[in-house]
$ cat coords37.cif   # mmCIF, C-alpha atoms
data_run
#
loop_
_atom_site.label_atom_id
_atom_site.label_comp_id
_atom_site.auth_asym_id
_atom_site.auth_seq_id
_atom_site.Cartn_x
_atom_site.Cartn_y
_atom_site.Cartn_z
CA MET A 1 0.00 0.00 0.00
CA LEU A 2 2.85 2.39 0.79
CA ALA A 3 4.37 1.79 -2.65
CA MET A 4 1.06 2.70 -4.32
CA GLU A 5 0.82 5.94 -2.32
CA LYS A 6 4.35 6.90 -3.42
CA TYR A 7 3.48 6.02 -6.99
CA PHE A 8 0.36 8.22 -7.00
CA LYS A 9 2.19 11.03 -5.23
CA ARG A 10 4.84 10.89 -7.96
CA ILE A 11 2.19 11.02 -10.68
CA GLU A 12 0.51 13.90 -8.87
CA ASN A 13 3.82 15.81 -8.83
CA TYR A 14 4.37 15.17 -12.54
CA LEU A 15 0.86 16.35 -13.37
CA LEU A 16 1.34 19.47 -11.25
CA TYR A 17 4.63 20.16 -13.03
CA LEU A 18 2.99 19.63 -16.41
CA LEU A 19 0.14 21.96 -15.45
CA ILE A 20 2.61 24.67 -14.41
CA VAL A 21 4.54 24.33 -17.68
CA MET A 22 1.35 24.50 -19.73
CA GLN A 23 0.04 27.48 -17.77
CA THR A 24 3.24 29.49 -18.17
CA SER A 25 3.81 28.48 -21.79
CA CYS A 26 1.33 31.09 -22.99
CA SER A 27 3.34 33.82 -21.37
CA VAL A 28 6.55 32.65 -23.00
CA PHE A 29 7.64 34.76 -25.92
CA HIS A 30 8.27 33.47 -29.45
CA LEU A 31 4.82 32.36 -30.51
CA ASN A 32 5.18 30.74 -33.91
CA SER A 33 2.38 30.72 -36.43
CA GLY A 34 3.53 27.39 -37.84
CA THR A 35 4.57 28.90 -41.16
CA ASN A 36 8.13 28.08 -42.16
CA TYR A 37 10.51 30.84 -43.14
CA ASN A 38 14.27 31.31 -43.28
CA ASP A 39 15.54 33.07 -40.13
CA LYS A 40 18.59 34.28 -42.09
CA GLY A 41 16.34 36.21 -44.46
CA VAL A 42 14.75 38.31 -41.69
CA LYS A 43 15.69 41.98 -41.82
CA LYS A 44 15.50 43.83 -38.48
CA ILE A 45 14.05 47.22 -39.22
CA ASN A 46 12.62 50.20 -37.39
CA PHE A 47 8.86 50.32 -37.90
CA CYS A 48 9.07 53.88 -39.24
CA ASP A 49 11.46 52.70 -41.97
CA LEU A 50 9.17 50.01 -43.43
CA GLN A 51 9.01 50.46 -47.18
CA GLU A 52 10.13 47.41 -49.14
CA ASN A 53 7.09 45.47 -50.30
CA ASN A 54 6.94 41.69 -49.60
CA SER A 55 10.02 41.81 -47.39
CA LEU A 56 10.52 39.49 -44.42
CA ILE A 57 11.04 41.81 -41.46
CA GLU A 58 11.33 41.94 -37.69
CA THR A 59 10.09 45.10 -36.01
CA ASN A 60 8.77 46.54 -32.76
CA LEU A 61 5.41 48.25 -32.80
CA ILE A 62 2.46 49.45 -30.78
CA TYR A 63 -0.84 47.68 -31.45
CA THR A 64 -3.97 49.58 -30.48
CA GLY A 65 -7.51 50.11 -31.60
CA PHE A 66 -11.19 49.90 -30.83
CA GLU A 67 -14.07 47.67 -31.88
CA GLU A 68 -13.03 46.28 -35.29
CA TYR A 69 -10.46 48.97 -36.12
CA TRP A 70 -6.99 47.85 -34.98
CA TYR A 71 -3.68 49.25 -36.14
CA ALA A 72 0.05 48.94 -35.64
CA ASN A 73 2.09 52.10 -35.27
CA GLY A 74 5.71 52.83 -34.52
CA LEU A 75 7.03 53.19 -30.98
CA LYS A 76 7.69 56.81 -31.92
CA ASN A 77 5.68 58.98 -34.28
CA CYS A 78 6.38 58.06 -37.90
CA LYS A 79 5.96 60.27 -40.93
CA ILE A 80 5.00 57.22 -42.99
CA ASN A 81 3.50 53.78 -42.38
CA THR A 82 0.96 54.86 -39.83
CA ASN A 83 -1.96 52.56 -39.12
CA VAL A 84 -0.52 49.33 -40.52
CA ASN A 85 -2.84 46.32 -40.35
CA LEU A 86 -1.51 43.25 -38.50
CA ASN A 87 -2.69 40.06 -40.18
CA PHE A 88 -2.63 37.13 -37.75
CA SER A 89 -4.31 34.68 -40.17
CA GLU A 90 -1.25 32.37 -40.27
CA PHE A 91 -1.76 31.62 -36.57
CA TYR A 92 -5.41 30.71 -37.10
CA ASN A 93 -4.79 28.77 -40.31
CA ASN A 94 -2.20 26.61 -38.54
CA ASP A 95 -4.15 26.23 -35.26
CA ASN A 96 -1.49 28.06 -33.25
CA GLU A 97 -3.63 30.85 -31.87
CA TYR A 98 -4.14 29.38 -28.37
CA CYS A 99 -1.54 31.57 -26.61
CA LEU A 100 -1.77 34.57 -28.89
CA ASP A 101 -5.55 34.65 -28.76
CA LYS A 102 -5.50 34.88 -24.96
CA LYS A 103 -3.41 38.06 -25.04
CA LEU A 104 -5.35 39.61 -27.93
CA ARG A 105 -8.70 38.90 -26.23
CA LYS A 106 -7.43 40.60 -23.08
CA LEU A 107 -6.29 43.59 -25.15
CA ASN A 108 -9.61 43.74 -27.02
CA LYS A 109 -11.59 43.53 -23.79
CA ASN A 110 -9.60 46.44 -22.31
CA TYR A 111 -9.10 48.51 -25.48
CA THR A 112 -10.08 51.74 -23.76
CA THR A 113 -7.19 51.49 -21.29
CA LYS A 114 -4.63 49.09 -22.84
CA LYS A 115 -2.34 48.85 -25.83
CA ALA A 116 0.28 46.26 -26.71
CA ILE A 117 3.96 46.54 -27.48
CA ILE A 118 4.70 43.71 -29.88
CA THR A 119 7.84 42.44 -31.58
CA VAL A 120 6.86 40.56 -34.72
CA ILE A 121 8.45 38.74 -37.62
CA GLY A 122 6.35 38.94 -40.72
CA ILE A 123 5.95 39.91 -44.33
CA PHE A 124 5.42 43.61 -44.92
CA LYS A 125 3.04 44.51 -47.74
CA ASN A 126 2.27 47.96 -49.06
CA ASP A 127 -0.54 48.51 -51.56
CA SER A 128 0.32 51.92 -52.91
CA ILE A 129 -0.53 50.95 -56.49
CA THR A 130 -4.10 49.62 -56.41
CA ASN A 131 -5.05 51.28 -53.11
CA GLU A 132 -7.30 48.32 -52.29
CA GLY A 133 -6.03 48.34 -48.74
CA TYR A 134 -5.89 45.92 -45.83
CA GLY A 135 -7.75 45.38 -42.60
CA HIS A 136 -11.32 46.27 -41.75
CA LEU A 137 -12.99 48.02 -44.69
CA ASN A 138 -9.55 48.17 -46.35
CA SER A 139 -8.71 51.12 -44.12
CA SER A 140 -4.95 50.49 -44.09
CA SER A 141 -2.63 50.86 -47.08
CA SER A 142 -0.05 48.52 -45.52
CA GLU A 143 -0.04 45.30 -43.55
CA ILE A 144 2.30 42.90 -41.82
CA LYS A 145 1.39 39.26 -42.25
CA VAL A 146 2.58 38.01 -38.85
CA LEU A 147 4.58 34.77 -38.86
CA LYS A 148 6.01 34.95 -35.36
CA VAL A 149 5.38 37.03 -32.25
CA LYS A 150 8.60 37.37 -30.30
CA ARG A 151 7.12 39.55 -27.58
CA ILE A 152 3.72 40.87 -26.63
CA LYS A 153 3.29 43.06 -23.59
CA LEU A 154 0.12 44.84 -22.56
CA ILE A 155 0.55 48.30 -21.07
CA ASN A 156 -1.70 51.20 -20.18
CA LYS A 157 -2.55 53.50 -23.09
CA ASN A 158 -1.32 56.54 -21.21
CA SER A 159 1.95 54.83 -20.27
CA SER A 160 5.19 56.10 -21.72
CA GLN A 161 6.77 52.69 -21.05
CA GLN A 162 8.11 51.18 -24.28
#

$ encode --input "coords37.cif" --output "structure tokens"
Amino acid sequence: MLAMEKYFKRIENYLLYLLIVMQTSCSVFHLNSGTNYNDKGVKKINFCDLQENNSLIETNLIYTGFEEYWYANGLKNCKINTNVNLNFSEFYNNDNEYCLDKKLRKLNKNYTTKKAIITVIGIFKNDSITNEGYGHLNSSSSEIKVLKVKRIKLINKNSSQQ
């Protein structure tokens, strides 16, 4: 009987450990969409300097919005590339939204008081030729198709923390 109690206690400890790992895994950075890309081809670029269409980039940005209108902007005021749409479809297409969705739902629920600082890897697209646009009602002329979220941190909208 004592051996069985030790056995179950051991299983209980493993399950507790597994639960802790699963719980904290959604707060770990580097959320992959599941889409393959070459890390060596990623160009680190300041958000305000985004220009090259269809380029694989890594950038830091602020994600904010209300209702169905959500935009990415630079950490500092940019003269160009304001209100860039973030396209998270790769996460949903590859069933990898479970951690990302939790953070985005929290942001959406608190959109009046919160914004997110996000570091993303993605493909930058700029539709300056056809002006069809991206995002809700094609309200953005540019978008980043997000392939990986390296960091997402929710902060107060009035915070200067970046």

$ closest_residue --input "coords37.cif" --among "A:Asn87, A:Asn46, A:Asn54, A:Asn156" --to "Asn110 of chain A" --atoms "only C-alpha atoms"
A:Asn156

$ residues_around --input "coords37.cif" --residues "segment 115-130 of chain A" --least-positions-apart "3" --cutoff "6 Å" --atoms "only C-alpha atoms" --output "list in words"
Asn53, Asn54, Ser55, Leu56, Ile57, Glu58, Thr59, Asn60, Leu61, Ile62, Tyr63, Thr64, Ser141, Ser142, Glu143, Ile144, Lys145, Val146, Leu147, Lys148, Val149, Lys150, Arg151, Ile152, Lys153, Leu154, Ile155 and Lys157 of chain A

$ closest_residue --input "coords37.cif" --among "A:Asn36, A:Lys109, A:Thr82, A:Glu5" --to "Gln51 of chain A" --atoms "all atoms listed in the file"
A:Thr82

$ closest_residue --input "coords37.cif" --among "A:Asn93, A:Gly135, A:Lys9, A:Leu100" --to "Ala72 of chain A" --atoms "only C-alpha atoms"
A:Gly135

$ residues_around --input "coords37.cif" --residues "Ser140 of chain A" --least-positions-apart "4" --cutoff "10 Å" --atoms "all atoms listed in the file" --output "PyMOL selection string"
chain A and resi 69-72+81-86+126-127+131-136

$ write_last_selection --input "coords37.cif" --atoms "C-alpha atoms" --output "mmCIF file, keeping the file's coordinate frame"
data_model
loop_
_atom_site.group_PDB
_atom_site.id
_atom_site.type_symbol
_atom_site.label_atom_id
_atom_site.label_comp_id
_atom_site.auth_asym_id
_atom_site.auth_seq_id
_atom_site.Cartn_x
_atom_site.Cartn_y
_atom_site.Cartn_z
ATOM 1 C CA TYR A 69 -10.460 48.970 -36.120
ATOM 2 C CA TRP A 70 -6.990 47.850 -34.980
ATOM 3 C CA TYR A 71 -3.680 49.250 -36.140
ATOM 4 C CA ALA A 72 0.050 48.940 -35.640
ATOM 5 C CA ASN A 81 3.500 53.780 -42.380
ATOM 6 C CA THR A 82 0.960 54.860 -39.830
ATOM 7 C CA ASN A 83 -1.960 52.560 -39.120
ATOM 8 C CA VAL A 84 -0.520 49.330 -40.520
ATOM 9 C CA ASN A 85 -2.840 46.320 -40.350
ATOM 10 C CA LEU A 86 -1.510 43.250 -38.500
ATOM 11 C CA ASN A 126 2.270 47.960 -49.060
ATOM 12 C CA ASP A 127 -0.540 48.510 -51.560
ATOM 13 C CA ASN A 131 -5.050 51.280 -53.110
ATOM 14 C CA GLU A 132 -7.300 48.320 -52.290
ATOM 15 C CA GLY A 133 -6.030 48.340 -48.740
ATOM 16 C CA TYR A 134 -5.890 45.920 -45.830
ATOM 17 C CA GLY A 135 -7.750 45.380 -42.600
ATOM 18 C CA HIS A 136 -11.320 46.270 -41.750
#

$ atom_distance --input "coords37.cif" --atom1 "atom CA of Gly65 of chain A" --atom2 "atom CA of Lys43 of chain A"
26.6 Å

$ atom_distance --input "coords37.cif" --atom1 "atom CA of Leu50 of chain A" --atom2 "atom CA of Phe91 of chain A"
22.5 Å

$ atom_distance --input "coords37.cif" --atom1 "atom CA of Asn77 of chain A" --atom2 "atom CA of Leu107 of chain A"
21.5 Å

$ axis_aligned_box --input "coords37.cif" --around "segment 133-136 of chain A" --padding-each-side "5 Å" --output "AutoDock Vina command-line options"
--center_x -8.6 --center_y 46.9 --center_z -45.2 --size_x 15.4 --size_y 13.0 --size_z 17.0

$ closest_residue --input "coords37.cif" --among "A:Asn158, A:Thr113, A:Asn138, A:Asn108" --to "Glu67 of chain A" --atoms "only C-alpha atoms"
A:Asn108

$ decode --input "coords37.cif" --residues "segment 99-138 of chain A" --atoms "C-alpha atoms" --output "CSV table (one decimal), in the first residue's frame"
chain,number,residue,atom,x,y,z
A,99,CYS,CA,-1.5,31.6,-26.6
A,100,LEU,CA,-1.8,34.6,-28.9
A,101,ASP,CA,-5.5,34.6,-28.8
A,102,LYS,CA,-5.5,34.9,-25.0
A,103,LYS,CA,-3.4,38.1,-25.0
A,104,LEU,CA,-5.4,39.6,-27.9
A,105,ARG,CA,-8.7,38.9,-26.2
A,106,LYS,CA,-7.4,40.6,-23.1
A,107,LEU,CA,-6.3,43.6,-25.2
A,108,ASN,CA,-9.6,43.7,-27.0
A,109,LYS,CA,-11.6,43.5,-23.8
A,110,ASN,CA,-9.6,46.4,-22.3
A,111,TYR,CA,-9.1,48.5,-25.5
A,112,THR,CA,-10.1,51.7,-23.8
A,113,THR,CA,-7.2,51.5,-21.3
A,114,LYS,CA,-4.6,49.1,-22.8
A,115,LYS,CA,-2.3,48.9,-25.8
A,116,ALA,CA,0.3,46.3,-26.7
A,117,ILE,CA,4.0,46.5,-27.5
A,118,ILE,CA,4.7,43.7,-29.9
A,119,THR,CA,7.8,42.4,-31.6
A,120,VAL,CA,6.9,40.6,-34.7
A,121,ILE,CA,8.5,38.7,-37.6
A,122,GLY,CA,6.4,38.9,-40.7
A,123,ILE,CA,6.0,39.9,-44.3
A,124,PHE,CA,5.4,43.6,-44.9
A,125,LYS,CA,3.0,44.5,-47.7
A,126,ASN,CA,2.3,48.0,-49.1
A,127,ASP,CA,-0.5,48.5,-51.6
A,128,SER,CA,0.3,51.9,-52.9
A,129,ILE,CA,-0.5,50.9,-56.5
A,130,THR,CA,-4.1,49.6,-56.4
A,131,ASN,CA,-5.1,51.3,-53.1
A,132,GLU,CA,-7.3,48.3,-52.3
A,133,GLY,CA,-6.0,48.3,-48.7
A,134,TYR,CA,-5.9,45.9,-45.8
A,135,GLY,CA,-7.8,45.4,-42.6
A,136,HIS,CA,-11.3,46.3,-41.7
A,137,LEU,CA,-13.0,48.0,-44.7
A,138,ASN,CA,-9.5,48.2,-46.4
